[in-house]
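*Asks:* If you scroll down you'll find the structure; I have some questions about it.
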Amino acid sequence: MSARIVLAGAQPLFRKEVLRFWKVSFQTVAAPVLTAVMYLVVFGHALNGRVSVYDGVGYIQFLIPGLVMMSVLQNAFANSSSSLIQSKITGNLVFLLVTPLSPAAWFLAYTGAAVVRGMAVGAGVMAVTVWFAPPGLANPLWIVVFGFLGAAMMGTLGLIAGLWAEKFDQLAAFQNFIIMPLTFLSGVFYSVHSLPPVWHVASRLNPFFYMIDGFRAGFFGQSDVSPWLSLGVVAVFFVAVASVALALLRSGYKLRH
Amino acid sequence: MSAISFQQVEKTYASGVRALGGVSFDVQPGEFFGLLGPNGAGKTTLISILAGLARATRGKVTVMGHDVVDDYAAARKSLGIVPQELVFDPFFSVRETLRIQSGYFGVRRNDDWIDELLASLGLADKADANMRQLSGGMKRRVLVAQALVHRPPVIVLDEPTAGVDVELRQTLWQFIARLNREGHTVLLTTHYLEEAEALCQRIAMLKLGKVVALERTTQLLATTASTMLRFKTDHALPASLAERARVTGRFAQVSARDAADVEAVLAQLREAAVPIEDLEIGRADLEDVFLDIMTAEQQA
């Protein structure tokens with residue numbers, strides 16, 4: 001199947017998925033922005049001056065890109081996973097299953113819409129928090145690349161979780177026991193250099209760390225590891241989860257019996 | 001080329017349940033075809049395989065010559081499915097729902113046909129209403145519109161009138177009959193056998209995953225006892241009649257082969273002193289044929 005046909009097929013589903021979250025944007029965009037601002041106010045007030053980050057960078061400045069990226073990742077995951085599980089549980093996924101859309105079109109549409117929601121929330125968080133302490137703009141390309149790749153990876157993980165889960169509580173478990181710990185232990189609120197050696201090494205095993213660290217490099221020109229290393233790790237993880245998602249879609253896993 | 005072709009279709013679920021045991025039949029282009037059977041006969045499984053919602057364990061299924069697995073995109077473009085369950089997407093209005101569904105099939109700028117569907121199904125004044133605001137009957141109409149939005153040559157209706165009011169049934173059947181006259185092939189499953197008798201040119205009956213009858217409707221009706229005695233009684237029927245009668249509350253139906261058999265039935269009622277009311281003698285209908293076939297299969 002040619003790329004043109006796949007893209008043409010993905011378009012209507014992509015538009016529908018974007019329209020779906022946009023119709024409830026108060027809940028899907030505004031609420032996560034408010035949550036991130038709360039984190040900034042509380043953690044910024046509690047930890048400002050107590051946590052050492054990069055040279056010449058204040059804690060609130062440091063925190064803002066981390067919060068933006070955390071919001072991007074969590075909302076990208078939430079978009080694809082919640083859409084799929086809702087459609088599965090309410091039964092309206094049948095409207096999609098009877099269409100000629102290819103597995104690649106499903107993948108592109110769900111992941112693409114997850115990227116749009118992740119980016120929309122990220123932009124909202126940035127627009128509100130940047131006034132607290134502008135973090136700088138050392139390399140905008142890294143910001144775009146890591147924002148996009150991180151959202152795509154989490155949208156894909158959401159797709160996998162949505163395919164696997166049969167009940168809302170299974171999805172909540174995936175979110176609470178995998179996504180949330182990996183996000184919080186990725187260096188959103190601290191530089192991994194400030195951690196004890198064991199946790200420092202543990203952080204290096206967390207793919208979310210590379211997404212946050214690379215994203216932050218775009219603002220400060222400083223990072224815990226080279227942005228090129230982060231890019232490589234994130235790209236490899238994205239290819240891995242995308243391959244799994246496509247294989248599940250092709251096999252009809254938990255979709256076609 | 002058949003509009004729909006099932007060849008030796010078998011389906012065994014992962015749980016070990018064997019839903020279909022080698023089903024074969026074809027539906028010709030332009031035909032109005034009925035697929036009947038009791039609950040658990042395998043009708044919905046067969047339609048699920050046709051629609052790509054389930055995969056056959058063995059066998060081959062085609063729609064307008066396109067294999068539903070190897071050439072699924074072309075097969076699904078040729079098919080419009082009205083699902084049995086009343087499902088909807090609560091985020092969208094009726095018009096948005098139809099535009100989205102149309103887009104999935106690659107049909108853009110389809111508003112003229114969408115407007116025609118809305119008008120034909122009595123949904124024109126609900127076009128901008130959210131799906132959540134619609135009654136059950138209205139939601140069922142939208143399901144029909146969704147199945148037809150890409151103008152498929154083959155339409156599959158899986159118990160479309162289950163639990164819907166008389167008005168919708170009339171609207172729906174008039175519209176589907178019109179589409180059939182215009183050349184669309186229709187495959188209908190229903191538990192309302194009078195609908196199948198009135199609409200379907202040919203009928204397949206399934207039982208326990210196997211085809212137990214496949215005939216033109218007129219031939220099916222001719223295969224059973226042609227006469228049916230229907231009456232009301234508050235008394236038990238004599239044993240000789242009870243075993244061949246169908247009793248629902250006060251209503252009893254007894255089949256008879258010919259006029260002499262009708263006399264014999266009435267004589268037995270008189271001898272047993274069973275008072276009856278509202279006696280009617282009429283032709284057997286599809287329900288009688290259905291029950292005869294299902295009972296015969298049970299005894300076999």
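Residues are named by chain letter and number: chains run A, B, ... in the order of the structure tokens, numbers start at 1 in each chain, and ligands are numbered from 1 in the order shown.
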Can you check which parts of chain A lie within 12 Å of chain B? Per residue, the shortest pair of atoms and distance in Å to one decimal, counting only C-alpha atoms, sorted by chain and number, as CSV.

*Replies:*
```
residue,atom,partner,partner_atom,distance
A:Met1,CA,B:Ala73,CA,10.6
A:Ile5,CA,B:Gly106,CA,9.7
A:Val6,CA,B:Gly106,CA,11.1
A:Leu7,CA,B:Gly106,CA,11.1
A:Ala8,CA,B:Gly106,CA,7.5
A:Gly9,CA,B:Tyr104,CA,6.6
A:Ala10,CA,B:Tyr104,CA,8.2
A:Gln11,CA,B:Gly103,CA,8.2
A:Pro12,CA,B:Gly103,CA,5.3
A:Leu13,CA,B:Tyr104,CA,6.8
A:Phe14,CA,B:Ile100,CA,10.2
A:Arg15,CA,B:Ile100,CA,8.5
A:Lys16,CA,B:Ile100,CA,6.7
A:Glu17,CA,B:Ile100,CA,10.2
A:Val18,CA,B:Phe91,CA,11.4
A:Leu19,CA,B:Phe91,CA,8.7
A:Arg20,CA,B:Phe91,CA,6.2
A:Phe21,CA,B:Phe91,CA,8.9
A:Trp22,CA,B:Phe91,CA,10.0
A:Lys23,CA,B:Phe91,CA,7.3
A:Val24,CA,B:Phe91,CA,8.5
A:Ser25,CA,B:Phe91,CA,11.9
A:Ser83,CA,B:Asp89,CA,10.6
A:Leu84,CA,B:Asp89,CA,11.8
A:Gln86,CA,B:Asp89,CA,9.3
A:Ser87,CA,B:Asp89,CA,7.7
A:Lys88,CA,B:Val87,CA,10.6
A:Ile89,CA,B:Val87,CA,10.2
A:Thr90,CA,B:Val87,CA,6.8
A:Gly91,CA,B:Val87,CA,5.8
A:Asn92,CA,B:Val87,CA,5.4
A:Leu93,CA,B:Asp89,CA,8.8
A:Val94,CA,B:Leu53,CA,7.7
A:Phe95,CA,B:Gln101,CA,7.3
A:Leu96,CA,B:Tyr104,CA,7.6
A:Leu97,CA,B:Leu53,CA,6.5
A:Val98,CA,B:Ala51,CA,5.8
A:Thr99,CA,B:Arg76,CA,5.9
A:Pro100,CA,B:Ala73,CA,4.1
A:Leu101,CA,B:Tyr104,CA,6.8
A:Ser102,CA,B:Ala73,CA,7.8
A:Pro103,CA,B:Ala73,CA,11.2
A:Ala105,CA,B:Tyr104,CA,10.2
A:Trp106,CA,B:Tyr104,CA,10.6
A:Ala109,CA,B:Tyr104,CA,11.4
A:Arg250,CA,B:Val69,CA,11.5
A:Ser251,CA,B:Arg55,CA,10.7
A:Gly252,CA,B:Leu53,CA,9.1
A:Tyr253,CA,B:Ala54,CA,11.1
A:Lys254,CA,B:Ala54,CA,10.4
A:Leu255,CA,B:Leu53,CA,7.4
A:Arg256,CA,B:Ala54,CA,4.9
A:His257,CA,B:Ala54,CA,4.5
```

*Asks:* Find the spatial neighbours of stretch 265-280 of chain B, counting only C-alpha atoms, within a cut-off of 12 Å - ignore same-chain residues fewer than 3 positions away - and output them as a PyMOL selection string.

*Replies:* chain B and resi 227-242+244-245+250-262+283-284

*Asks:* Taking the chain letters and numbering used in this document, name the residues of stretch 25-190 of chain B that DSSP puts in strand (DSSP E), as a ChimeraX atom specification.

*Replies:* /B:25-27,32-36,58-63,66-67,79-82,154-158,185-189

*Asks:* Save out the residues we just selected, C-alpha atoms, as a PDB file, in the first residue's frame.

*Replies:*
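File selection_0.pdb, as written:
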```
ATOM      1  CA  PHE B  25     -23.896 -20.187   0.212  1.00  0.00           C
ATOM      2  CA  ASP B  26     -23.881 -17.307  -2.253  1.00  0.00           C
ATOM      3  CA  VAL B  27     -25.987 -14.156  -2.438  1.00  0.00           C
ATOM      4  CA  PHE B  32     -32.826  -9.408  -0.960  1.00  0.00           C
ATOM      5  CA  PHE B  33     -31.570 -12.338   1.089  1.00  0.00           C
ATOM      6  CA  GLY B  34     -32.649 -13.448   4.555  1.00  0.00           C
ATOM      7  CA  LEU B  35     -30.381 -15.167   7.058  1.00  0.00           C
ATOM      8  CA  LEU B  36     -32.490 -16.719   9.790  1.00  0.00           C
ATOM      9  CA  ARG B  58     -11.245 -21.940   7.743  1.00  0.00           C
ATOM     10  CA  GLY B  59     -12.977 -21.116   4.486  1.00  0.00           C
ATOM     11  CA  LYS B  60     -13.267 -18.194   2.134  1.00  0.00           C
ATOM     12  CA  VAL B  61     -15.566 -15.179   2.135  1.00  0.00           C
ATOM     13  CA  THR B  62     -15.835 -12.640  -0.677  1.00  0.00           C
ATOM     14  CA  VAL B  63     -17.819  -9.450  -1.254  1.00  0.00           C
ATOM     15  CA  HIS B  66     -13.050  -9.337  -3.162  1.00  0.00           C
ATOM     16  CA  ASP B  67     -11.652 -11.618  -0.462  1.00  0.00           C
ATOM     17  CA  LEU B  79     -20.135  -3.385   2.178  1.00  0.00           C
ATOM     18  CA  GLY B  80     -22.379  -1.344   4.480  1.00  0.00           C
ATOM     19  CA  ILE B  81     -23.075  -2.948   7.837  1.00  0.00           C
ATOM     20  CA  VAL B  82     -25.851  -1.989  10.235  1.00  0.00           C
ATOM     21  CA  VAL B 154     -24.027  -4.628  -0.604  1.00  0.00           C
ATOM     22  CA  ILE B 155     -25.962  -3.797   2.559  1.00  0.00           C
ATOM     23  CA  VAL B 156     -26.015  -6.041   5.619  1.00  0.00           C
ATOM     24  CA  LEU B 157     -28.692  -5.461   8.234  1.00  0.00           C
ATOM     25  CA  ASP B 158     -28.122  -7.394  11.454  1.00  0.00           C
ATOM     26  CA  THR B 185     -27.903  -6.368  -2.610  1.00  0.00           C
ATOM     27  CA  VAL B 186     -29.383  -6.751   0.868  1.00  0.00           C
ATOM     28  CA  LEU B 187     -28.542  -9.408   3.453  1.00  0.00           C
ATOM     29  CA  LEU B 188     -30.948  -9.326   6.372  1.00  0.00           C
ATOM     30  CA  THR B 189     -30.917 -11.156   9.673  1.00  0.00           C
TER      31      THR B 189
END
```

*Asks:* Suppose you want the space between atom CA of A:Leu248 and atom CA of A:Leu171; what is it in Å?

*Replies:*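 Atom CA of A:Leu171 lies 16.8 Å from atom CA of A:Leu248.
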
*Asks:* Identify, on the basis of only C-alpha atoms, every residue whose closest approach to B:Pro29 does not exceed 10 Å; exclude the query and any residue fewer than 5 positions from it along the same chain; express the result as a list in words.

*Replies:*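 In the requested form, the answer reads Met1, Ser2, Ala3, Ile4, Met64, Pro153, Val154, Asn180, Gly183, His184, Thr185 and Val186 of chain B.
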
*Asks:* Against stretch 183-199 of chain A, which residues of stretch 38-101 of chain A fall within 6 Å? For each one I want the closest pair of atoms and the distance in Å (one decimal), counting only C-alpha atoms, rows by chain and increasing residue number, as JSON lines.

*Replies:*
```
{"residue": "A:Val53", "atom": "CA", "partner": "A:Ser191", "partner_atom": "CA", "distance": 5.5}
{"residue": "A:Leu63", "atom": "CA", "partner": "A:Phe189", "partner_atom": "CA", "distance": 6.0}
{"residue": "A:Gly66", "atom": "CA", "partner": "A:Val188", "partner_atom": "CA", "distance": 4.4}
```

*Asks:* Could you write out the selected residues, including C-alpha atoms, as an mmCIF file, in the first residue's frame?

*Replies:*
```cif
data_model
loop_
_atom_site.group_PDB
_atom_site.id
_atom_site.type_symbol
_atom_site.label_atom_id
_atom_site.label_comp_id
_atom_site.auth_asym_id
_atom_site.auth_seq_id
_atom_site.Cartn_x
_atom_site.Cartn_y
_atom_site.Cartn_z
ATOM 1 C CA VAL A 53 20.568 22.488 38.779
ATOM 2 C CA LEU A 63 11.480 23.461 36.128
ATOM 3 C CA GLY A 66 10.446 19.861 32.481
#
```

*Asks:* In stretch 213-276 of chain B, what's alpha helix (DSSP H) per DSSP? Answer as JSON, numbers by chain?

*Replies:* {"B": [217, 218, 219, 220, 221, 222, 223, 239, 240, 241, 242, 259, 260, 261, 262, 263, 264, 265, 266, 267, 268, 269, 270, 271]}

*Asks:* Can you tell me which residues surround A:Ile60 at a distance of at most 8 Å, considering only C-alpha atoms, apart from same-chain residues fewer than 6 positions away, and format the answer as a list in words?

*Replies:*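 Returned residues: Leu40, Gly44, Asn48, Phe132 and Ala133 of chain A.
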
*Asks:* Please produce a file of those selected residues containing C-alpha atoms, as a short mmCIF file (atom, residue, chain, number, x, y, z; two decimals), in the first residue's frame.

*Replies:*
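Once written, out_29.cif looks like this:
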```
data_model
loop_
_atom_site.label_atom_id
_atom_site.label_comp_id
_atom_site.auth_asym_id
_atom_site.auth_seq_id
_atom_site.Cartn_x
_atom_site.Cartn_y
_atom_site.Cartn_z
CA LEU A 40 5.23 25.14 39.21
CA GLY A 44 8.94 26.19 42.64
CA ASN A 48 13.68 27.16 44.78
CA PHE A 132 7.30 33.21 35.98
CA ALA A 133 10.95 32.95 34.79
#
```

*Asks:* Out of A:Ala36, A:Phe168, A:Phe208, A:Val29, which residue has the shortest atom-to-atom distance to A:Met119 when counting only C-alpha atoms?

*Replies:* A:Val29
